[in-house]
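Containing CSV, C-alpha atoms and all ligand atoms: structure.csv.
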chain,number,residue,atom,x,y,z
A,1,MET,CA,63.0,160.1,-161.1
A,2,ARG,CA,63.9,163.7,-161.1
A,3,ILE,CA,67.3,163.9,-162.8
A,4,GLY,CA,69.7,166.9,-162.9
A,5,VAL,CA,72.2,167.3,-165.7
A,6,LEU,CA,75.1,169.7,-165.9
A,7,THR,CA,78.2,170.4,-168.0
A,8,SER,CA,81.4,171.6,-166.3
A,9,GLY,CA,85.0,172.4,-166.9
A,10,GLY,CA,86.2,172.8,-170.5
A,11,ASP,CA,83.5,172.6,-173.1
A,12,ALA,CA,83.6,170.0,-175.8
A,13,PRO,CA,81.7,169.4,-179.1
A,14,GLY,CA,79.1,166.7,-178.5
A,15,MET,CA,78.1,167.9,-175.0
A,16,ASN,CA,74.8,169.0,-176.4
A,17,ALA,CA,74.2,165.6,-178.0
A,18,ALA,CA,74.8,164.1,-174.6
A,19,ILE,CA,72.4,166.5,-172.9
A,20,ARG,CA,69.8,165.7,-175.6
A,21,ALA,CA,70.2,162.0,-175.1
A,22,VAL,CA,69.9,162.3,-171.3
A,23,VAL,CA,66.7,164.4,-171.6
A,24,ARG,CA,65.0,162.4,-174.2
A,25,CYS,CA,65.9,158.9,-172.8
A,26,ALA,CA,64.8,160.0,-169.3
A,27,ILE,CA,61.5,161.5,-170.5
A,28,ALA,CA,60.8,158.4,-172.6
A,29,SER,CA,61.1,156.4,-169.3
A,30,GLY,CA,58.8,158.7,-167.4
A,31,ASP,CA,61.4,160.8,-165.6
A,32,GLN,CA,61.8,164.5,-165.4
A,33,VAL,CA,65.0,166.2,-166.2
A,34,PHE,CA,66.4,169.5,-164.8
A,35,GLY,CA,69.2,171.4,-166.6
A,36,VAL,CA,71.7,172.9,-164.2
A,37,TYR,CA,73.2,176.0,-165.9
A,38,ASP,CA,76.9,176.9,-165.7
A,39,GLY,CA,78.2,173.8,-164.0
A,40,TYR,CA,78.8,173.5,-160.2
A,41,LYS,CA,78.7,177.3,-160.0
A,42,GLY,CA,75.2,177.4,-161.3
A,43,LEU,CA,74.3,174.5,-159.1
A,44,ILE,CA,75.1,176.3,-155.9
A,45,GLU,CA,73.4,179.4,-157.2
A,46,GLY,CA,70.2,177.4,-158.0
A,47,LYS,CA,70.3,178.0,-161.7
A,48,ILE,CA,68.1,175.0,-162.4
A,49,GLU,CA,65.3,174.6,-164.9
A,50,GLU,CA,63.2,171.7,-166.1
A,51,LEU,CA,64.0,170.6,-169.7
A,52,SER,CA,61.4,169.3,-172.1
A,53,ARG,CA,62.0,167.2,-175.2
A,54,LYS,CA,61.5,170.4,-177.2
A,55,ASP,CA,64.1,172.3,-175.2
A,56,VAL,CA,66.8,170.0,-176.6
A,57,SER,CA,65.6,170.2,-180.2
A,58,GLU,CA,68.0,171.3,-182.8
A,59,ILE,CA,71.1,171.2,-180.6
A,60,LEU,CA,72.5,167.9,-181.8
A,61,ASN,CA,74.7,169.6,-184.4
A,62,LYS,CA,75.8,172.6,-182.3
A,63,GLY,CA,79.2,172.9,-180.6
A,64,GLY,CA,79.6,174.2,-177.1
A,65,THR,CA,77.0,173.4,-174.4
A,66,ILE,CA,73.5,174.9,-174.2
A,67,LEU,CA,73.8,174.6,-170.4
A,68,GLY,CA,76.9,176.7,-170.2
A,69,THR,CA,79.9,175.8,-168.2
A,70,ALA,CA,81.9,177.6,-165.5
A,71,ARG,CA,84.8,176.9,-163.2
A,72,LEU,CA,84.3,177.0,-159.5
A,73,PRO,CA,87.6,176.0,-157.7
A,74,GLU,CA,85.8,176.6,-154.3
A,75,PHE,CA,83.8,173.4,-155.0
A,76,LYS,CA,86.6,171.5,-153.2
A,77,PHE,CA,85.3,173.0,-149.9
A,78,GLU,CA,82.7,170.9,-148.2
A,79,GLN,CA,80.7,174.0,-147.0
A,80,VAL,CA,80.4,175.1,-150.7
A,81,ARG,CA,79.3,171.7,-151.8
A,82,MET,CA,76.7,171.8,-149.0
A,83,LEU,CA,75.1,174.7,-150.9
A,84,ALA,CA,74.8,172.3,-153.9
A,85,VAL,CA,73.3,169.6,-151.8
A,86,LYS,CA,70.7,172.1,-150.4
A,87,GLN,CA,69.8,173.2,-154.0
A,88,LEU,CA,69.3,169.6,-155.1
A,89,GLU,CA,67.1,169.0,-152.1
A,90,LYS,CA,65.1,172.1,-152.7
A,91,HIS,CA,64.4,171.0,-156.3
A,92,ASP,CA,63.8,167.5,-155.1
A,93,ILE,CA,66.4,166.1,-157.5
A,94,ASP,CA,67.2,162.5,-157.0
A,95,ALA,CA,70.4,162.2,-159.1
A,96,LEU,CA,72.9,164.3,-161.0
A,97,ILE,CA,74.6,163.5,-164.3
A,98,CYS,CA,77.8,165.5,-164.7
A,99,ILE,CA,79.4,165.8,-168.1
A,100,GLY,CA,83.0,167.0,-168.2
A,101,GLY,CA,86.6,166.0,-167.5
A,102,ASP,CA,88.5,164.8,-164.5
A,103,GLY,CA,87.8,168.0,-162.5
A,104,THR,CA,84.1,167.5,-163.1
A,105,TYR,CA,84.5,163.8,-162.1
A,106,THR,CA,86.2,164.9,-158.8
A,107,GLY,CA,83.3,167.2,-158.0
A,108,ALA,CA,80.8,164.4,-158.8
A,109,LEU,CA,82.7,162.0,-156.6
A,110,ARG,CA,82.7,164.5,-153.7
A,111,LEU,CA,79.0,165.0,-154.0
A,112,HIS,CA,78.5,161.2,-154.1
A,113,GLU,CA,80.4,160.9,-150.9
A,114,MET,CA,77.9,163.4,-149.4
A,115,GLY,CA,75.0,161.1,-150.4
A,116,ILE,CA,74.1,162.5,-153.8
A,117,LYS,CA,73.6,160.0,-156.6
A,118,THR,CA,76.0,161.0,-159.4
A,119,ILE,CA,77.1,159.7,-162.7
A,120,GLY,CA,80.0,161.1,-164.8
A,121,ILE,CA,80.0,161.3,-168.6
A,122,PRO,CA,83.4,161.9,-170.2
A,123,GLY,CA,83.2,165.2,-172.1
A,124,THR,CA,86.6,166.6,-173.1
A,125,ILE,CA,88.5,167.1,-176.3
A,126,ASP,CA,91.7,165.8,-174.6
A,127,ASN,CA,90.7,162.1,-174.5
A,128,ASP,CA,92.4,162.1,-171.1
A,129,ILE,CA,89.9,160.1,-169.1
A,130,ALA,CA,91.6,156.7,-168.9
A,131,SER,CA,88.3,154.9,-167.9
A,132,SER,CA,87.0,155.4,-171.4
A,133,SER,CA,88.9,154.8,-174.6
A,134,ARG,CA,87.1,157.8,-176.1
A,135,THR,CA,85.8,161.0,-174.7
A,136,ILE,CA,83.1,163.1,-176.2
A,137,GLY,CA,84.7,165.9,-178.3
A,138,PHE,CA,87.9,164.2,-179.1
A,139,SER,CA,86.8,163.1,-182.6
A,140,THR,CA,85.7,166.6,-183.5
A,141,ALA,CA,88.9,168.2,-182.1
A,142,LEU,CA,91.0,165.7,-184.1
A,143,ASN,CA,89.1,166.7,-187.2
A,144,THR,CA,89.7,170.4,-186.5
A,145,ALA,CA,93.4,169.8,-185.9
A,146,CYS,CA,93.8,167.7,-189.0
A,147,ASP,CA,92.0,170.3,-191.1
A,148,ALA,CA,94.3,173.1,-189.8
A,149,ILE,CA,97.5,171.0,-190.2
A,150,ASP,CA,96.6,170.1,-193.8
A,151,LYS,CA,96.1,173.8,-194.6
A,152,LEU,CA,99.4,174.7,-192.9
A,153,ARG,CA,101.1,172.0,-194.9
A,154,ASP,CA,99.9,173.6,-198.2
A,155,THR,CA,101.5,176.9,-197.3
A,156,SER,CA,104.6,175.4,-195.8
A,157,SER,CA,105.3,173.5,-198.9
A,158,SER,CA,104.8,176.5,-201.2
A,159,HIS,CA,107.2,178.6,-199.1
A,160,GLN,CA,109.6,175.8,-198.2
A,161,ARG,CA,109.0,176.3,-194.5
A,162,CYS,CA,109.0,174.3,-191.4
A,163,SER,CA,105.7,174.5,-189.5
A,164,ILE,CA,105.5,173.8,-185.9
A,165,ILE,CA,101.9,173.2,-184.8
A,166,GLU,CA,100.9,173.0,-181.2
A,167,VAL,CA,97.7,171.1,-180.4
A,168,MET,CA,95.8,170.7,-177.2
A,169,GLY,CA,95.5,167.5,-175.1
A,170,ARG,CA,96.7,168.7,-171.6
A,171,HIS,CA,98.8,165.7,-170.5
A,172,CYS,CA,97.4,163.3,-173.0
A,173,GLU,CA,99.2,162.7,-176.2
A,174,ASP,CA,96.4,161.4,-178.3
A,175,LEU,CA,95.4,164.6,-180.1
A,176,ALA,CA,99.1,165.2,-181.2
A,177,LEU,CA,99.8,161.6,-182.0
A,178,PHE,CA,96.6,160.9,-184.0
A,179,SER,CA,96.7,164.2,-185.9
A,180,GLY,CA,100.4,163.8,-186.6
A,181,ILE,CA,99.8,160.4,-188.1
A,182,CYS,CA,96.7,161.5,-190.0
A,183,CYS,CA,98.5,164.5,-191.5
A,184,GLY,CA,101.8,162.9,-192.2
A,185,ALA,CA,103.8,165.1,-189.9
A,186,GLU,CA,107.5,164.6,-190.1
A,187,TYR,CA,107.8,164.9,-186.3
A,188,VAL,CA,105.4,164.2,-183.6
A,189,ILE,CA,106.3,165.4,-180.1
A,190,THR,CA,104.1,164.4,-177.2
A,191,PRO,CA,104.4,164.1,-173.4
A,192,ASP,CA,105.3,160.5,-174.0
A,193,THR,CA,107.9,160.9,-176.7
A,194,GLY,CA,109.4,164.0,-175.0
A,195,LEU,CA,111.3,166.7,-176.9
A,196,ASP,CA,114.9,165.8,-177.9
A,197,LYS,CA,115.7,169.3,-179.2
A,198,GLU,CA,119.2,168.6,-180.4
A,199,LYS,CA,118.0,165.6,-182.5
A,200,LEU,CA,115.1,167.6,-183.9
A,201,LEU,CA,117.3,170.4,-185.0
A,202,ALA,CA,119.9,168.1,-186.5
A,203,ASP,CA,117.2,166.1,-188.3
A,204,LEU,CA,115.6,169.2,-189.7
A,205,LYS,CA,119.0,170.5,-191.0
A,206,LYS,CA,119.6,167.1,-192.6
A,207,ASN,CA,116.2,167.2,-194.3
A,208,ARG,CA,116.8,170.7,-195.5
A,209,LEU,CA,120.1,169.8,-197.0
A,210,ALA,CA,118.6,166.8,-198.6
A,211,GLY,CA,116.2,169.2,-200.4
A,212,ARG,CA,112.9,168.4,-198.6
A,213,ARG,CA,110.6,171.4,-199.3
A,214,HIS,CA,108.9,171.5,-195.9
A,215,ALA,CA,108.6,169.9,-192.5
A,216,ILE,CA,105.6,169.6,-190.3
A,217,VAL,CA,106.2,169.3,-186.5
A,218,VAL,CA,103.1,168.5,-184.4
A,219,ILE,CA,103.7,169.1,-180.7
A,220,SER,CA,101.4,168.7,-177.7
A,221,GLU,CA,100.8,171.8,-175.5
A,222,ASN,CA,102.8,172.3,-172.3
A,223,ILE,CA,106.0,170.9,-173.7
A,224,CYS,CA,107.9,174.1,-174.6
A,225,ASP,CA,107.5,177.6,-175.9
A,226,VAL,CA,106.9,176.8,-179.6
A,227,HIS,CA,107.6,180.3,-180.8
A,228,GLN,CA,111.1,180.1,-179.2
A,229,LEU,CA,111.5,176.6,-180.7
A,230,ALA,CA,110.6,178.0,-184.2
A,231,LYS,CA,113.4,180.7,-183.8
A,232,GLU,CA,115.9,178.0,-182.9
A,233,VAL,CA,114.8,175.8,-185.9
A,234,GLU,CA,115.2,178.8,-188.2
A,235,GLU,CA,118.6,179.7,-186.8
A,236,TYR,CA,119.9,176.2,-187.0
A,237,SER,CA,118.2,174.2,-189.8
A,238,GLY,CA,118.1,176.5,-192.8
A,239,TYR,CA,114.3,176.3,-192.9
A,240,GLU,CA,112.2,179.4,-192.4
A,241,CYS,CA,110.0,178.3,-189.5
A,242,ARG,CA,106.6,179.4,-188.2
A,243,ALA,CA,104.9,178.2,-185.0
A,244,THR,CA,101.1,178.0,-184.9
A,245,VAL,CA,99.2,177.4,-181.7
A,246,LEU,CA,95.8,176.0,-182.6
A,247,GLY,CA,94.4,176.9,-179.2
A,248,TYR,CA,90.7,177.2,-178.5
A,249,VAL,CA,89.6,176.7,-182.1
A,250,GLN,CA,90.0,173.0,-181.3
A,251,ARG,CA,87.2,173.3,-178.7
A,252,GLY,CA,84.6,174.5,-181.1
A,253,GLY,CA,82.6,173.4,-184.1
A,254,SER,CA,79.8,171.0,-185.0
A,255,PRO,CA,80.4,167.6,-183.5
A,256,THR,CA,81.4,164.8,-185.8
A,257,PRO,CA,79.0,161.9,-186.3
A,258,GLU,CA,81.4,159.8,-184.1
A,259,ASP,CA,81.1,162.2,-181.2
A,260,ARG,CA,77.3,162.5,-181.6
A,261,LEU,CA,76.9,158.7,-181.6
A,262,LEU,CA,79.1,158.3,-178.5
A,263,ALA,CA,77.3,161.1,-176.7
A,264,ALA,CA,73.9,159.6,-177.5
A,265,ARG,CA,75.0,156.1,-176.3
A,266,LEU,CA,76.6,157.4,-173.1
A,267,GLY,CA,73.7,159.7,-172.3
A,268,LYS,CA,71.2,156.8,-172.6
A,269,TYR,CA,73.5,154.5,-170.6
A,270,ALA,CA,73.8,157.0,-167.8
A,271,VAL,CA,70.0,157.1,-167.5
A,272,ASP,CA,69.7,153.3,-167.7
A,273,LEU,CA,72.3,153.0,-164.8
A,274,LEU,CA,70.3,155.4,-162.7
A,275,HIS,CA,67.2,153.2,-163.1
A,276,GLU,CA,69.3,150.3,-161.9
A,277,ASP,CA,70.4,152.4,-159.0
A,278,ILE,CA,74.1,152.2,-160.0
A,279,THR,CA,75.7,155.5,-159.2
A,280,GLY,CA,79.0,157.0,-158.2
A,281,VAL,CA,80.3,155.7,-161.5
A,282,ALA,CA,81.7,157.1,-164.7
A,283,VAL,CA,80.4,155.8,-168.0
A,284,GLY,CA,82.7,155.1,-170.9
A,285,ILE,CA,83.4,152.9,-173.9
A,286,HIS,CA,85.9,150.2,-174.3
A,287,HIS,CA,86.1,147.8,-177.4
A,288,ASN,CA,82.9,149.4,-178.5
A,289,LYS,CA,81.1,148.2,-175.3
A,290,LEU,CA,79.5,150.6,-172.8
A,291,ILE,CA,81.2,150.3,-169.4
A,292,ASN,CA,80.9,151.9,-166.0
A,293,THR,CA,83.7,152.4,-163.5
A,294,PRO,CA,83.5,153.8,-159.9
A,295,ILE,CA,84.5,157.4,-160.3
A,296,GLU,CA,87.2,157.0,-157.7
A,297,GLU,CA,88.8,154.3,-159.7
A,298,ALA,CA,88.3,156.1,-162.9
A,299,LEU,CA,90.3,159.1,-161.5
A,300,GLN,CA,93.2,156.9,-160.5
A,301,MET,CA,93.5,155.1,-163.8
A,302,LYS,CA,96.6,156.0,-165.7
A,303,TYR,CA,96.7,156.6,-169.4
A,304,GLU,CA,98.9,154.1,-171.2
A,305,PRO,CA,101.0,155.4,-174.1
A,306,ASN,CA,100.0,153.7,-177.3
A,307,LYS,CA,103.1,151.7,-178.3
A,308,GLU,CA,101.7,150.6,-181.6
A,309,LEU,CA,101.2,154.2,-182.7
A,310,HIS,CA,104.6,155.2,-181.5
A,311,GLU,CA,106.2,152.6,-183.6
A,312,LEU,CA,104.1,153.5,-186.5
A,313,VAL,CA,104.9,157.2,-186.3
A,314,LYS,CA,108.6,156.4,-186.2
A,315,LYS,CA,108.5,154.4,-189.4
A,316,ILE,CA,106.0,156.4,-191.3
A,317,SER,CA,107.3,160.0,-190.7
B,401,LIG,P1,87.4,169.4,-166.4
B,401,LIG,O1,86.2,168.8,-165.8
B,401,LIG,O2,87.3,169.7,-167.8
B,401,LIG,O3,88.7,168.6,-165.9
B,401,LIG,P2,88.2,171.5,-164.4
B,401,LIG,O4,89.4,170.8,-163.9
B,401,LIG,O5,88.2,172.9,-164.5
B,401,LIG,O6,87.6,170.9,-165.8
B,401,LIG,O7,87.0,171.1,-163.3
B,401,LIG,C1,85.7,171.5,-163.5
B,401,LIG,C2,85.1,171.9,-162.1
B,401,LIG,O8,85.0,170.7,-161.3
B,401,LIG,C3,85.9,172.9,-161.3
B,401,LIG,O9,85.7,174.2,-161.7
B,401,LIG,C4,85.3,172.6,-159.9
B,401,LIG,O10,84.1,173.2,-159.7
B,401,LIG,C5,85.1,171.1,-160.0
B,401,LIG,N1,86.3,170.4,-159.3
B,401,LIG,C6,87.5,170.3,-159.8
B,401,LIG,N2,88.4,169.8,-158.9
B,401,LIG,C7,87.6,169.5,-157.8
B,401,LIG,C8,87.9,169.0,-156.5
B,401,LIG,N3,89.1,168.6,-156.1
B,401,LIG,N4,86.9,168.9,-155.6
B,401,LIG,C9,85.6,169.3,-155.9
B,401,LIG,N5,85.3,169.9,-157.1
B,401,LIG,C10,86.3,170.0,-158.0
What does the file become when written as structure tokens?
Ligand code: ADP
Amino acid sequence: MRIGVLTSGGDAPGMNAAIRAVVRCAIASGDQVFGVYDGYKGLIEGKIEELSRKDVSEILNKGGTILGTARLPEFKFEQVRMLAVKQLEKHDIDALICIGGDGTYTGALRLHEMGIKTIGIPGTIDNDIASSSRTIGFSTALNTACDAIDKLRDTSSSHQRCSIIEVMGRHCEDLALFSGICCGAEYVITPDTGLDKEKLLADLKKNRLAGRRHAIVVISENICDVHQLAKEVEEYSGYECRATVLGYVQRGGSPTPEDRLLAARLGKYAVDLLHEDITGVAVGIHHNKLINTPIEEALQMKYEPNKELHELVKKIS
């Protein structure tokens, strides 16, 4: 087979490990692999080059994606996707592996509907693809967030401050919930817990009066303006308060072993499925087993809030 591979949407640590696995597993089976540069944008522009085993040497531990990524909102238009189909035909590519988040999956689904064999691999730090219990990049982003929160805790404690730390995750709470638990945050606010500002302010005031030296509040992005919240905490609770938005630092860095392993397994699995002529699916992991789900279904699956962790966070904070 002649297999194309691209990364699209937001980058995530471990995407390179997935590219490497696709290239090496496919070549080991006698296939050829073509790297598509800069996602769907590069695809319609014909930025396509064959990748050898050596081209993917020494990328396993590198963050980002060697293929680059770009956003192309116009890919939702059929006439734009026709340009992609033409490029794939021109390069005689039989199937395309698309590594990214739900936007990338939607692009892959639309191409599949146009007769292109596609497979989606979940690559996003947000862990927001419900068809896989883990996405490539989440473990590394969690590590990065925990490292930053630990550091902020040190300085918060010295200065008797409250630290509000905003982490990424889009609409998925995992990054906030997991990092909050791992770092012993006093409060974890996620899209699923919601923000009860009055209660938060009252609790912080009570803590302050009880002599607790610091408070850590971990909050998911898109919930409120954290700088404004910090002002309100400072005015009300008696704590000096600082807000830190971790932002894009969470997207970078060398992938953790967990992300590298997941990427390697999913990359190989995607190639295996192509050999079985199973396409139009998204690969994933569930109970440590590799699974595949029709992309259309994967996109409709809803994330279930983790009740056990919600209970835990309430008791342990
Ligand atoms: P992610 O894959 O991380 O969710 P985006 O949402 O930015 O990132 O999507 C990546 C790319 O996927 C977009 O730039 C676009 O090219 C393609 N895409 C997103 N939504 C659609 C859609 N509805 N139809 C076709 N292509 C889409």
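Considering only C-alpha atoms and all ligand atoms, the residue among A:Met15, A:Leu299, A:Met1, A:Leu72 positioned nearest to ligand LIG 401 (chain B) is A:Leu72.
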Pick from A:Thr106, A:Thr190, A:Ser317, A:Gln87 nearest to ligand LIG 401 (chain B), counting only C-alpha atoms and all ligand atoms: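 The answer is A:Thr106, which sits nearest to ligand LIG 401 (chain B).
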Atom CA of Glu232 of chain A to atom CA of Glu311 of chain A, distance in Å rounded to a single decimal: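 Atom CA of Glu232 of chain A sits 27.2 Å away from atom CA of Glu311 of chain A.
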Can I get the residues of chain A within 10 Å of ligand LIG 401 (chain B), each with the closest pair of atoms and their distance in Å to one decimal, using all atoms listed in the file, sorted chain first then ascending number, as JSON lines?
{"residue": "A:Thr7", "atom": "CA", "partner": "B:LIG401", "partner_atom": "O1", "distance": 8.4}
{"residue": "A:Ser8", "atom": "CA", "partner": "B:LIG401", "partner_atom": "C1", "distance": 5.1}
{"residue": "A:Gly9", "atom": "CA", "partner": "B:LIG401", "partner_atom": "O6", "distance": 3.2}
{"residue": "A:Gly10", "atom": "CA", "partner": "B:LIG401", "partner_atom": "O2", "distance": 4.3}
{"residue": "A:Asp11", "atom": "CA", "partner": "B:LIG401", "partner_atom": "O2", "distance": 7.1}
{"residue": "A:Ala12", "atom": "CA", "partner": "B:LIG401", "partner_atom": "O2", "distance": 8.8}
{"residue": "A:Gly39", "atom": "CA", "partner": "B:LIG401", "partner_atom": "O10", "distance": 7.3}
{"residue": "A:Tyr40", "atom": "CA", "partner": "B:LIG401", "partner_atom": "O10", "distance": 5.3}
{"residue": "A:Lys41", "atom": "CA", "partner": "B:LIG401", "partner_atom": "O10", "distance": 6.8}
{"residue": "A:Gly42", "atom": "CA", "partner": "B:LIG401", "partner_atom": "O10", "distance": 10.0}
{"residue": "A:Leu43", "atom": "CA", "partner": "B:LIG401", "partner_atom": "O10", "distance": 9.9}
{"residue": "A:Thr69", "atom": "CA", "partner": "B:LIG401", "partner_atom": "C1", "distance": 8.6}
{"residue": "A:Ala70", "atom": "CA", "partner": "B:LIG401", "partner_atom": "O9", "distance": 6.4}
{"residue": "A:Arg71", "atom": "CA", "partner": "B:LIG401", "partner_atom": "O9", "distance": 3.2}
{"residue": "A:Leu72", "atom": "CA", "partner": "B:LIG401", "partner_atom": "O10", "distance": 3.8}
{"residue": "A:Pro73", "atom": "CA", "partner": "B:LIG401", "partner_atom": "C4", "distance": 4.7}
{"residue": "A:Glu74", "atom": "CA", "partner": "B:LIG401", "partner_atom": "O10", "distance": 6.6}
{"residue": "A:Phe75", "atom": "CA", "partner": "B:LIG401", "partner_atom": "N5", "distance": 4.3}
{"residue": "A:Lys76", "atom": "CA", "partner": "B:LIG401", "partner_atom": "N4", "distance": 3.6}
{"residue": "A:Phe77", "atom": "CA", "partner": "B:LIG401", "partner_atom": "C9", "distance": 7.1}
{"residue": "A:Glu78", "atom": "CA", "partner": "B:LIG401", "partner_atom": "C9", "distance": 8.4}
{"residue": "A:Val80", "atom": "CA", "partner": "B:LIG401", "partner_atom": "C9", "distance": 9.4}
{"residue": "A:Arg81", "atom": "CA", "partner": "B:LIG401", "partner_atom": "C9", "distance": 7.9}
{"residue": "A:Cys98", "atom": "CA", "partner": "B:LIG401", "partner_atom": "O1", "distance": 9.1}
{"residue": "A:Ile99", "atom": "CA", "partner": "B:LIG401", "partner_atom": "O1", "distance": 7.8}
{"residue": "A:Gly100", "atom": "CA", "partner": "B:LIG401", "partner_atom": "O1", "distance": 4.4}
{"residue": "A:Gly101", "atom": "CA", "partner": "B:LIG401", "partner_atom": "O1", "distance": 3.3}
{"residue": "A:Asp102", "atom": "CA", "partner": "B:LIG401", "partner_atom": "O3", "distance": 4.1}
{"residue": "A:Gly103", "atom": "CA", "partner": "B:LIG401", "partner_atom": "O7", "distance": 3.3}
{"residue": "A:Thr104", "atom": "CA", "partner": "B:LIG401", "partner_atom": "O1", "distance": 3.7}
{"residue": "A:Tyr105", "atom": "CA", "partner": "B:LIG401", "partner_atom": "O1", "distance": 6.4}
{"residue": "A:Thr106", "atom": "CA", "partner": "B:LIG401", "partner_atom": "C7", "distance": 4.9}
{"residue": "A:Gly107", "atom": "CA", "partner": "B:LIG401", "partner_atom": "N5", "distance": 3.5}
{"residue": "A:Ala108", "atom": "CA", "partner": "B:LIG401", "partner_atom": "N5", "distance": 7.3}
{"residue": "A:Leu109", "atom": "CA", "partner": "B:LIG401", "partner_atom": "C9", "distance": 7.9}
{"residue": "A:Arg110", "atom": "CA", "partner": "B:LIG401", "partner_atom": "C9", "distance": 6.0}
{"residue": "A:Leu111", "atom": "CA", "partner": "B:LIG401", "partner_atom": "C9", "distance": 8.1}
{"residue": "A:Gly120", "atom": "CA", "partner": "B:LIG401", "partner_atom": "O1", "distance": 9.9}
{"residue": "A:Pro122", "atom": "CA", "partner": "B:LIG401", "partner_atom": "O1", "distance": 8.6}
{"residue": "A:Gly123", "atom": "CA", "partner": "B:LIG401", "partner_atom": "O2", "distance": 7.5}
{"residue": "A:Thr124", "atom": "CA", "partner": "B:LIG401", "partner_atom": "O2", "distance": 6.2}
{"residue": "A:Ile125", "atom": "CA", "partner": "B:LIG401", "partner_atom": "O2", "distance": 9.0}
{"residue": "A:Asp126", "atom": "CA", "partner": "B:LIG401", "partner_atom": "O2", "distance": 9.0}
{"residue": "A:Asp128", "atom": "CA", "partner": "B:LIG401", "partner_atom": "O3", "distance": 9.1}
{"residue": "A:Ile129", "atom": "CA", "partner": "B:LIG401", "partner_atom": "O3", "distance": 9.2}
{"residue": "A:Arg170", "atom": "CA", "partner": "B:LIG401", "partner_atom": "O3", "distance": 9.8}
Distance query Ile219 of chain A at most 9 Å, only C-alpha atoms, self and fewer than 4 positions along chain excluded, as a VMD selection string: chain A and resid 164 to 168 176 to 177 180 187 to 191 195 223 to 224 226
Shortest interatomic distance to Ser157 of chain A - which of A:Phe34, A:Tyr239, A:Tyr248, A:Tyr269, counting all atoms listed in the file: A:Tyr239
For atom CA of Gly194 of chain A and atom CA of Ser220 of chain A, the interatomic separation in Å (one decimal):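 So the answer is 9.7 Å.
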Top pick for closest residue to Glu58 of chain A, considering A:Val313, A:Arg134, A:Arg20, A:Ile93 and counting only C-alpha atoms: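 Nearest candidate to Glu58 of chain A out of A:Val313, A:Arg134, A:Arg20, A:Ile93: A:Arg20.
Minimum atom-to-atom distance to Asn306 of chain A, evaluated using all atoms listed in the file, belongs to A:Cys172 out of A:Ile66, A:Cys172, A:Val249, A:Ala28.
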Near-Ile278 of chain A list (12 Å; only C-alpha atoms; drop same-chain fewer than 2 positions) as a list of chain:residue names: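 Residues meeting the cut-off are A:Ala95, A:His112, A:Lys117, A:Thr118, A:Ile119, A:Gly120, A:Tyr269, A:Ala270, A:Val271, A:Asp272, A:Leu273, A:Leu274, A:His275, A:Glu276, A:Gly280, A:Val281, A:Ala282, A:Val283, A:Ile291, A:Asn292, A:Thr293, A:Pro294, A:Ile295.
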For the residues selected in the previous step, produce a file with C-alpha atoms as a PDB file, in the coordinates of the input.
ATOM      1  CA  ALA A  95      70.400 162.200-159.100  1.00  0.00           C
ATOM      2  CA  HIS A 112      78.500 161.200-154.100  1.00  0.00           C
ATOM      3  CA  LYS A 117      73.600 160.000-156.600  1.00  0.00           C
ATOM      4  CA  THR A 118      76.000 161.000-159.400  1.00  0.00           C
ATOM      5  CA  ILE A 119      77.100 159.700-162.700  1.00  0.00           C
ATOM      6  CA  GLY A 120      80.000 161.100-164.800  1.00  0.00           C
ATOM      7  CA  TYR A 269      73.500 154.500-170.600  1.00  0.00           C
ATOM      8  CA  ALA A 270      73.800 157.000-167.800  1.00  0.00           C
ATOM      9  CA  VAL A 271      70.000 157.100-167.500  1.00  0.00           C
ATOM     10  CA  ASP A 272      69.700 153.300-167.700  1.00  0.00           C
ATOM     11  CA  LEU A 273      72.300 153.000-164.800  1.00  0.00           C
ATOM     12  CA  LEU A 274      70.300 155.400-162.700  1.00  0.00           C
ATOM     13  CA  HIS A 275      67.200 153.200-163.100  1.00  0.00           C
ATOM     14  CA  GLU A 276      69.300 150.300-161.900  1.00  0.00           C
ATOM     15  CA  GLY A 280      79.000 157.000-158.200  1.00  0.00           C
ATOM     16  CA  VAL A 281      80.300 155.700-161.500  1.00  0.00           C
ATOM     17  CA  ALA A 282      81.700 157.100-164.700  1.00  0.00           C
ATOM     18  CA  VAL A 283      80.400 155.800-168.000  1.00  0.00           C
ATOM     19  CA  ILE A 291      81.200 150.300-169.400  1.00  0.00           C
ATOM     20  CA  ASN A 292      80.900 151.900-166.000  1.00  0.00           C
ATOM     21  CA  THR A 293      83.700 152.400-163.500  1.00  0.00           C
ATOM     22  CA  PRO A 294      83.500 153.800-159.900  1.00  0.00           C
ATOM     23  CA  ILE A 295      84.500 157.400-160.300  1.00  0.00           C
TER      24      ILE A 295
END
Close residues, Leu261 of chain A itself excluded, 10 Å, all atoms listed in the file, min 5 positions apart in chain, as a list in words: Gly14, Ala17, Ala18, Ala21, Ile136, Pro255, Thr256, Leu266 and Gly267 of chain A
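Residues lying within 8 Å of segment 143-155 of chain A, counting all atoms listed in the file and ignoring same-chain neighbours fewer than 5 positions away, are Ser163, Ile165, Val167, Ser179, Cys182, Cys183, His214, Ile216, Leu246, Val249 and Gln250 of chain A.
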Separation of atom CA of Cys25 of chain A from atom CA of Val56 of chain A in Å: 11.8 Å
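Between Ser52 of chain A and the residues A:Tyr37, A:Asp92, A:Asp203, A:Ile19, the shortest atom-to-atom distance, using all atoms listed in the file, involves A:Ile19.
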Box in all listed atoms of segment 139-153 of chain A, axis-aligned, with 4 Å more on each side; write out centre and edge lengths in Å to one decimal as lines of an AutoDock Vina configuration file.
center_x = 93.4
center_y = 168.9
center_z = -188.5
size_x = 23.4
size_y = 19.6
size_z = 20.8
Residue list as an NGL selection string for point (65.3, 164.4, -169.3), cut-off 7 Å, all atoms listed in the file: :A and (3 or 22-27 or 31-34 or 51-52)
